[in-house]
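Undergrad: Questions regarding the structure given below will be posed in turn.
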Amino acid sequence: MFSFQNDYSEGAHPNVLEALQKNNMTQEVGYGLDRHTQAAIAMIQERVGSPEADVHLISGGTQTNLIAISAFLRPHEACIAAVTSHIATHETGAIEATGHKLLTVDSNDGKLSPDLIEPVLKDHHFEHMVKPRLVYISNPTELGTVYARNELQTLHEYCRSRHLLLYADGARLGAALTIRDADVTLKDMYTLTDAFFIGGTKIGALLGEALVLRNADLKAEYRYLIKQRGALLAKGRVLGIQFEALFKDNLYFELAQHANAMAQQMVDDLKTTGCRFWIDSPTNQIFPVMKNSVIEALSHEFLFYIWAKADEAHSAVRLVTSWATSQNSVQGFIHAYTQAV
């Protein structure tokens with residue numbers, strides 16, 4: 001059975017494994033002070049256009065969100081997020097466990113905008129309630145949708161005017177940066193947020209995310225916070241070598257672009273059969289709506305998640321392609337679908 005459940009079912013890109021093997025027996029300084037981590041940090045600083053960017057490599061996305069958000073907020077402050085956001089749905093209450101309330105808002109496309117945030121601020125207006133302080137977004141969202149540059153710019157300006165921090169989860173950031181007609185770059189992500197992270201786990205690495213801090217107020221003694229949360233790895237080189245390999249010769253972007261291309265090929269092919277979609281997603285997460293009988297037939301050959309009930313006879317499924325998804329796998333799914341409808 002071939003899996004379209006996620007984009008981390010495979011291990012790592014061969015270039016990443018080769019780099020790990022090549023440097024396996026070389027002694028390095030620990031805790032992210034090794035030469036590979038420092039080289040990876042320099043590559044990311046160059047990409048975001050600032051040697052002042054504070055970059056920290058952390059093992060996973062939930063851990064990165066937990067450390068970042070809990071560090072950025074004072075005890076009485078809260079985080080605003082879409083109701084579909086990862087921190088609200090798939091992180092086991094990690095943020096709430098640190099004592100910070102999540103204020104969730106409904107969003108049809110998973111994205112936040114000033115008009116969705118403003119009512120939250122009006123509802124939380126004095127010291128008998130938590131104080132909204134941080135806006136959490138992900139790019140792309142959990143629905144595969146993407147922030148255009150003008151949307152990000154508008155959100156950035158609004159947050160500044162309302163004294164809010166803007167933090168972006170980038171677990172699949174490569175997908176957002178490489179869609180057709182993409183107008184957001186890594187430099188934009190840096191200049192238009194207070195902090196964001198670049199996901200490696202879902203784009204060719206064995207594990208690892210790169211947290212990038214722009215806001216000077218958020219940088220102070222950050223390594224202490226990483227250590228306290230158990231995320232300062234003795235063998236930090238494992239993360240550094242991987243990100244060094246991913247950012248060499250644009251590999252990171254090529255892998256993300258491939259994942260998007262495979263998903264959008266599926267979209268194009270499914271549309272020719274008359275298939276409709278739960279939401280319009282230009283990234284490597286797509287949500288076709290299928291008859292329940294077709295879903296049952298496909299489930300014998302492929303792994304995927306049923307996302308939502310469309311009506312009594314139809315459901316939306318989530319299909320996710322990865323850096324390793326092949327043309328044959330895509331064609332095999334399309335063939336099976338056409339046979340089942």
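Every chain in the structure tokens takes a letter, A first, then B, and so on in the order presented; its residues are numbered from 1, and the ligands are numbered from 1 following the presented order.
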Check region 187-314 of chain A with DSSP on the backbone and list each residue it calls strand (DSSP E or B), as a VMD selection string.
TA: chain A and resid 195 to 199 209 to 213 276 to 277 285 to 286 288 to 291 302 to 303 305 to 309 314
Undergrad: For the selection just defined, write its residues with C-alpha atoms to a file, as a PDB file, in the first residue's frame.
TA:
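The new file out_8.pdb reads:
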```
ATOM      1  CA  ALA A 195       9.629  34.914  14.281  1.00  0.00           C
ATOM      2  CA  PHE A 196       9.023  31.894  12.069  1.00  0.00           C
ATOM      3  CA  PHE A 197      10.481  28.469  11.465  1.00  0.00           C
ATOM      4  CA  ILE A 198      11.648  26.566   8.423  1.00  0.00           C
ATOM      5  CA  GLY A 199      10.520  22.953   8.507  1.00  0.00           C
ATOM      6  CA  GLU A 209      13.224  22.672  12.153  1.00  0.00           C
ATOM      7  CA  ALA A 210      15.071  25.994  11.968  1.00  0.00           C
ATOM      8  CA  LEU A 211      13.566  28.722  14.167  1.00  0.00           C
ATOM      9  CA  VAL A 212      14.365  32.240  12.949  1.00  0.00           C
ATOM     10  CA  LEU A 213      13.953  35.215  15.289  1.00  0.00           C
ATOM     11  CA  ARG A 276     -14.671  18.381  -6.859  1.00  0.00           C
ATOM     12  CA  PHE A 277     -12.574  19.635  -3.961  1.00  0.00           C
ATOM     13  CA  GLN A 285      -1.993  18.876   0.591  1.00  0.00           C
ATOM     14  CA  ILE A 286      -5.161  18.423  -1.445  1.00  0.00           C
ATOM     15  CA  PRO A 288     -10.820  15.875  -3.068  1.00  0.00           C
ATOM     16  CA  VAL A 289     -14.445  15.016  -2.310  1.00  0.00           C
ATOM     17  CA  MET A 290     -15.346  11.432  -3.200  1.00  0.00           C
ATOM     18  CA  LYS A 291     -18.176   8.992  -2.849  1.00  0.00           C
ATOM     19  CA  PHE A 302      -3.661   3.482  -0.511  1.00  0.00           C
ATOM     20  CA  LEU A 303      -3.330   5.107   2.890  1.00  0.00           C
ATOM     21  CA  TYR A 305      -7.065  10.388   5.917  1.00  0.00           C
ATOM     22  CA  ILE A 306     -10.785  11.049   5.663  1.00  0.00           C
ATOM     23  CA  TRP A 307     -10.923  14.757   6.465  1.00  0.00           C
ATOM     24  CA  ALA A 308     -14.575  15.752   6.658  1.00  0.00           C
ATOM     25  CA  LYS A 309     -18.075  14.576   5.837  1.00  0.00           C
ATOM     26  CA  HIS A 314     -19.561  11.844   0.080  1.00  0.00           C
TER      27      HIS A 314
END
```
Undergrad: Using only C-alpha atoms, which protein or nucleic acid residues come within 7 Å of Val48 (chain A)? Drop anything in the same chain fewer than 3 positions from it, and give the result as a PyMOL selection string.
TA: chain A and resi 44-45+186-187+190
Undergrad: In Å, with one decimal, what is the gap from CA of Gln265 (chain A) to CA of Leu17 (chain A)?
TA: 28.3 Å
Undergrad: Residues of region 266-298 of chain A that approach region 327-331 of chain A to 12 Å or less, counting only C-alpha atoms: could you list each one with the shortest pair of atoms and its distance in Å to one decimal, rows by chain and increasing residue number, as a Markdown table?
TA:
```
| residue | atom | partner | partner_atom | distance |
| --- | --- | --- | --- | --- |
| A:Met266 | CA | A:Val330 | CA | 6.5 |
| A:Val267 | CA | A:Val330 | CA | 10.3 |
| A:Asp268 | CA | A:Val330 | CA | 11.3 |
| A:Asp269 | CA | A:Gln331 | CA | 9.0 |
| A:Leu270 | CA | A:Gln331 | CA | 10.7 |
```
Undergrad: Please identify which residues in region 45-176 of chain A DSSP calls helix (DSSP H, G or I) from the backbone, and express them as a PyMOL selection string.
TA: chain A and resi 45-48+61-72+86-89+94-97+114-123+149-161+173-176
Undergrad: Atoms to include: C-alpha atoms. Write the selected residues as a short mmCIF file (atom, residue, chain, number, x, y, z; two decimals), in the first residue's frame.
TA:
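Saved the output as again_33.cif:
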```cif
data_model
loop_
_atom_site.label_atom_id
_atom_site.label_comp_id
_atom_site.auth_asym_id
_atom_site.auth_seq_id
_atom_site.Cartn_x
_atom_site.Cartn_y
_atom_site.Cartn_z
CA GLN A 45 20.85 34.27 7.41
CA GLU A 46 21.89 34.90 3.83
CA ARG A 47 18.52 33.64 2.54
CA VAL A 48 16.54 35.92 4.87
CA GLY A 61 7.63 21.26 15.01
CA THR A 62 5.58 20.83 18.17
CA GLN A 63 8.68 21.33 20.29
CA THR A 64 9.56 24.46 18.30
CA ASN A 65 6.06 25.91 18.74
CA LEU A 66 6.04 25.06 22.43
CA ILE A 67 9.40 26.66 23.17
CA ALA A 68 8.75 29.72 21.01
CA ILE A 69 5.25 30.62 22.13
CA SER A 70 5.86 29.94 25.82
CA ALA A 71 9.03 32.06 25.64
CA PHE A 72 7.39 34.96 23.84
CA HIS A 86 -1.92 22.80 14.33
CA ILE A 87 -1.42 24.12 17.86
CA ALA A 88 -5.20 23.97 18.39
CA THR A 89 -5.83 20.53 16.93
CA ALA A 94 1.08 21.72 24.45
CA ILE A 95 0.60 25.49 24.53
CA GLU A 96 -2.18 25.35 27.12
CA ALA A 97 0.01 23.09 29.25
CA PRO A 114 -7.33 41.63 10.80
CA ASP A 115 -11.12 41.40 10.57
CA LEU A 116 -11.01 37.95 12.22
CA ILE A 117 -8.58 39.04 14.93
CA GLU A 118 -10.15 42.37 15.90
CA PRO A 119 -13.26 40.90 17.62
CA VAL A 120 -10.98 38.80 19.84
CA LEU A 121 -9.18 41.93 20.97
CA LYS A 122 -12.46 43.70 21.69
CA ASP A 123 -13.70 40.73 23.74
CA ARG A 149 2.59 38.62 0.18
CA ASN A 150 -0.07 41.35 0.41
CA GLU A 151 -1.99 39.28 2.98
CA LEU A 152 1.16 38.78 5.04
CA GLN A 153 2.00 42.47 4.74
CA THR A 154 -1.49 43.48 5.88
CA LEU A 155 -1.32 41.10 8.84
CA HIS A 156 2.15 42.34 9.77
CA GLU A 157 1.07 45.98 9.74
CA TYR A 158 -2.07 45.22 11.72
CA CYS A 159 -0.15 43.30 14.38
CA ARG A 160 2.31 46.15 14.76
CA SER A 161 -0.50 48.67 15.13
CA LEU A 173 7.06 26.43 4.47
CA GLY A 174 8.90 25.17 1.40
CA ALA A 175 5.55 24.22 -0.12
CA ALA A 176 4.22 27.76 0.37
#
```
Undergrad: State, in Å with one decimal place, the distance from CA of Leu112 (chain A) to CA of Ala316 (chain A).
TA: 22.7 Å
Undergrad: Excluding Glu244 (chain A) and any residue of its chain fewer than 3 positions from it, enumerate the residues within 8 Å of it, using only C-alpha atoms, and give them as a list of chain:residue names.
TA: A:His36, A:Thr37, A:Ala39, A:Ala40, A:Met43, A:Gly240, A:Ile241, A:Phe247, A:Lys248
Undergrad: Using only C-alpha atoms for the distances, tell me which of A:His90, A:Lys22, A:Lys219, A:Lys271 is nearest to Glu52 (chain A).
TA: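 Of A:His90, A:Lys22, A:Lys219, A:Lys271, the one nearest Glu52 (chain A) is A:Lys219, counting only C-alpha atoms.
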Undergrad: Work out how far apart CA of Leu20 (chain A) and CA of Thr201 (chain A) are and give it in Å to one decimal.
TA: 15.1 Å
Undergrad: Restricting the calculation to only C-alpha atoms: of A:Ile137, A:Ala261, A:Leu102, A:Ile203, which residue gets closest to Gln242 (chain A)?
TA: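 For Gln242 (chain A), the nearest of the candidates is A:Ile203.
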Undergrad: Pick out the residues sitting within 7 Å of Gly110 (chain A), and hand them over as a PDB file with C-alpha atoms, in the first residue's frame; count only C-alpha atoms, and ignore anything fewer than 4 positions along from it in its own chain.
TA:
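As written to disk, selection.pdb reads:
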```
ATOM      1  CA  ALA A  82      -7.368  29.662  13.643  1.00  0.00           C
ATOM      2  CA  THR A  84      -8.010  24.532  12.427  1.00  0.00           C
ATOM      3  CA  THR A 141      -2.150  26.349   6.658  1.00  0.00           C
ATOM      4  CA  GLU A 142      -3.500  22.994   7.787  1.00  0.00           C
ATOM      5  CA  LEU A 143      -5.830  23.227   4.787  1.00  0.00           C
TER       6      LEU A 143
END
```
Undergrad: Out of A:Gly93, A:Asn6, A:Ile80, A:Ser107, which residue has the shortest atom-to-atom distance to Arg133 (chain A) when counting only C-alpha atoms?
TA: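 Nearest candidate to Arg133 (chain A) out of A:Gly93, A:Asn6, A:Ile80, A:Ser107: A:Ile80.
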Undergrad: Which residues are close to Ala263 (chain A), i.e. within 8 Å by only C-alpha atoms, leaving aside same-chain residues fewer than 5 positions away? Reply as JSON, numbers by chain.
TA: {"A": [283, 284, 285, 286, 319, 320, 321]}
Undergrad: Ranking A:Val146, A:Val16, A:Ala231, A:Val130 by minimum distance to Tyr252 (chain A) and counting only C-alpha atoms, which one comes first?
TA: A:Val16
Undergrad: Would you list the contacts of Asn23 (chain A) as a ChimeraX atom specification, taking every protein, DNA or RNA residue within 10 Å and counting only C-alpha atoms, but skipping same-chain residues closer than 2 positions in sequence?
TA: /A:18-21,25-28,36,237-238,241
Undergrad: Please save C-alpha atoms of the selected residues as a PDB file, in the first residue's frame.
TA:
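Resulting contents of result-v6.pdb:
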```
ATOM      1  CA  GLU A  18      25.265  11.083   2.388  1.00  0.00           C
ATOM      2  CA  ALA A  19      26.239  14.212   4.310  1.00  0.00           C
ATOM      3  CA  LEU A  20      25.505  12.526   7.641  1.00  0.00           C
ATOM      4  CA  GLN A  21      27.555   9.469   6.648  1.00  0.00           C
ATOM      5  CA  MET A  25      33.386  10.080  12.341  1.00  0.00           C
ATOM      6  CA  THR A  26      34.568  13.686  12.445  1.00  0.00           C
ATOM      7  CA  GLN A  27      34.663  15.062  15.971  1.00  0.00           C
ATOM      8  CA  GLU A  28      32.592  18.209  16.496  1.00  0.00           C
ATOM      9  CA  HIS A  36      27.977  22.399  10.236  1.00  0.00           C
ATOM     10  CA  ARG A 237      25.549  18.402  14.450  1.00  0.00           C
ATOM     11  CA  VAL A 238      22.812  15.958  13.390  1.00  0.00           C
ATOM     12  CA  ILE A 241      24.516  18.692   8.768  1.00  0.00           C
TER      13      ILE A 241
END
```
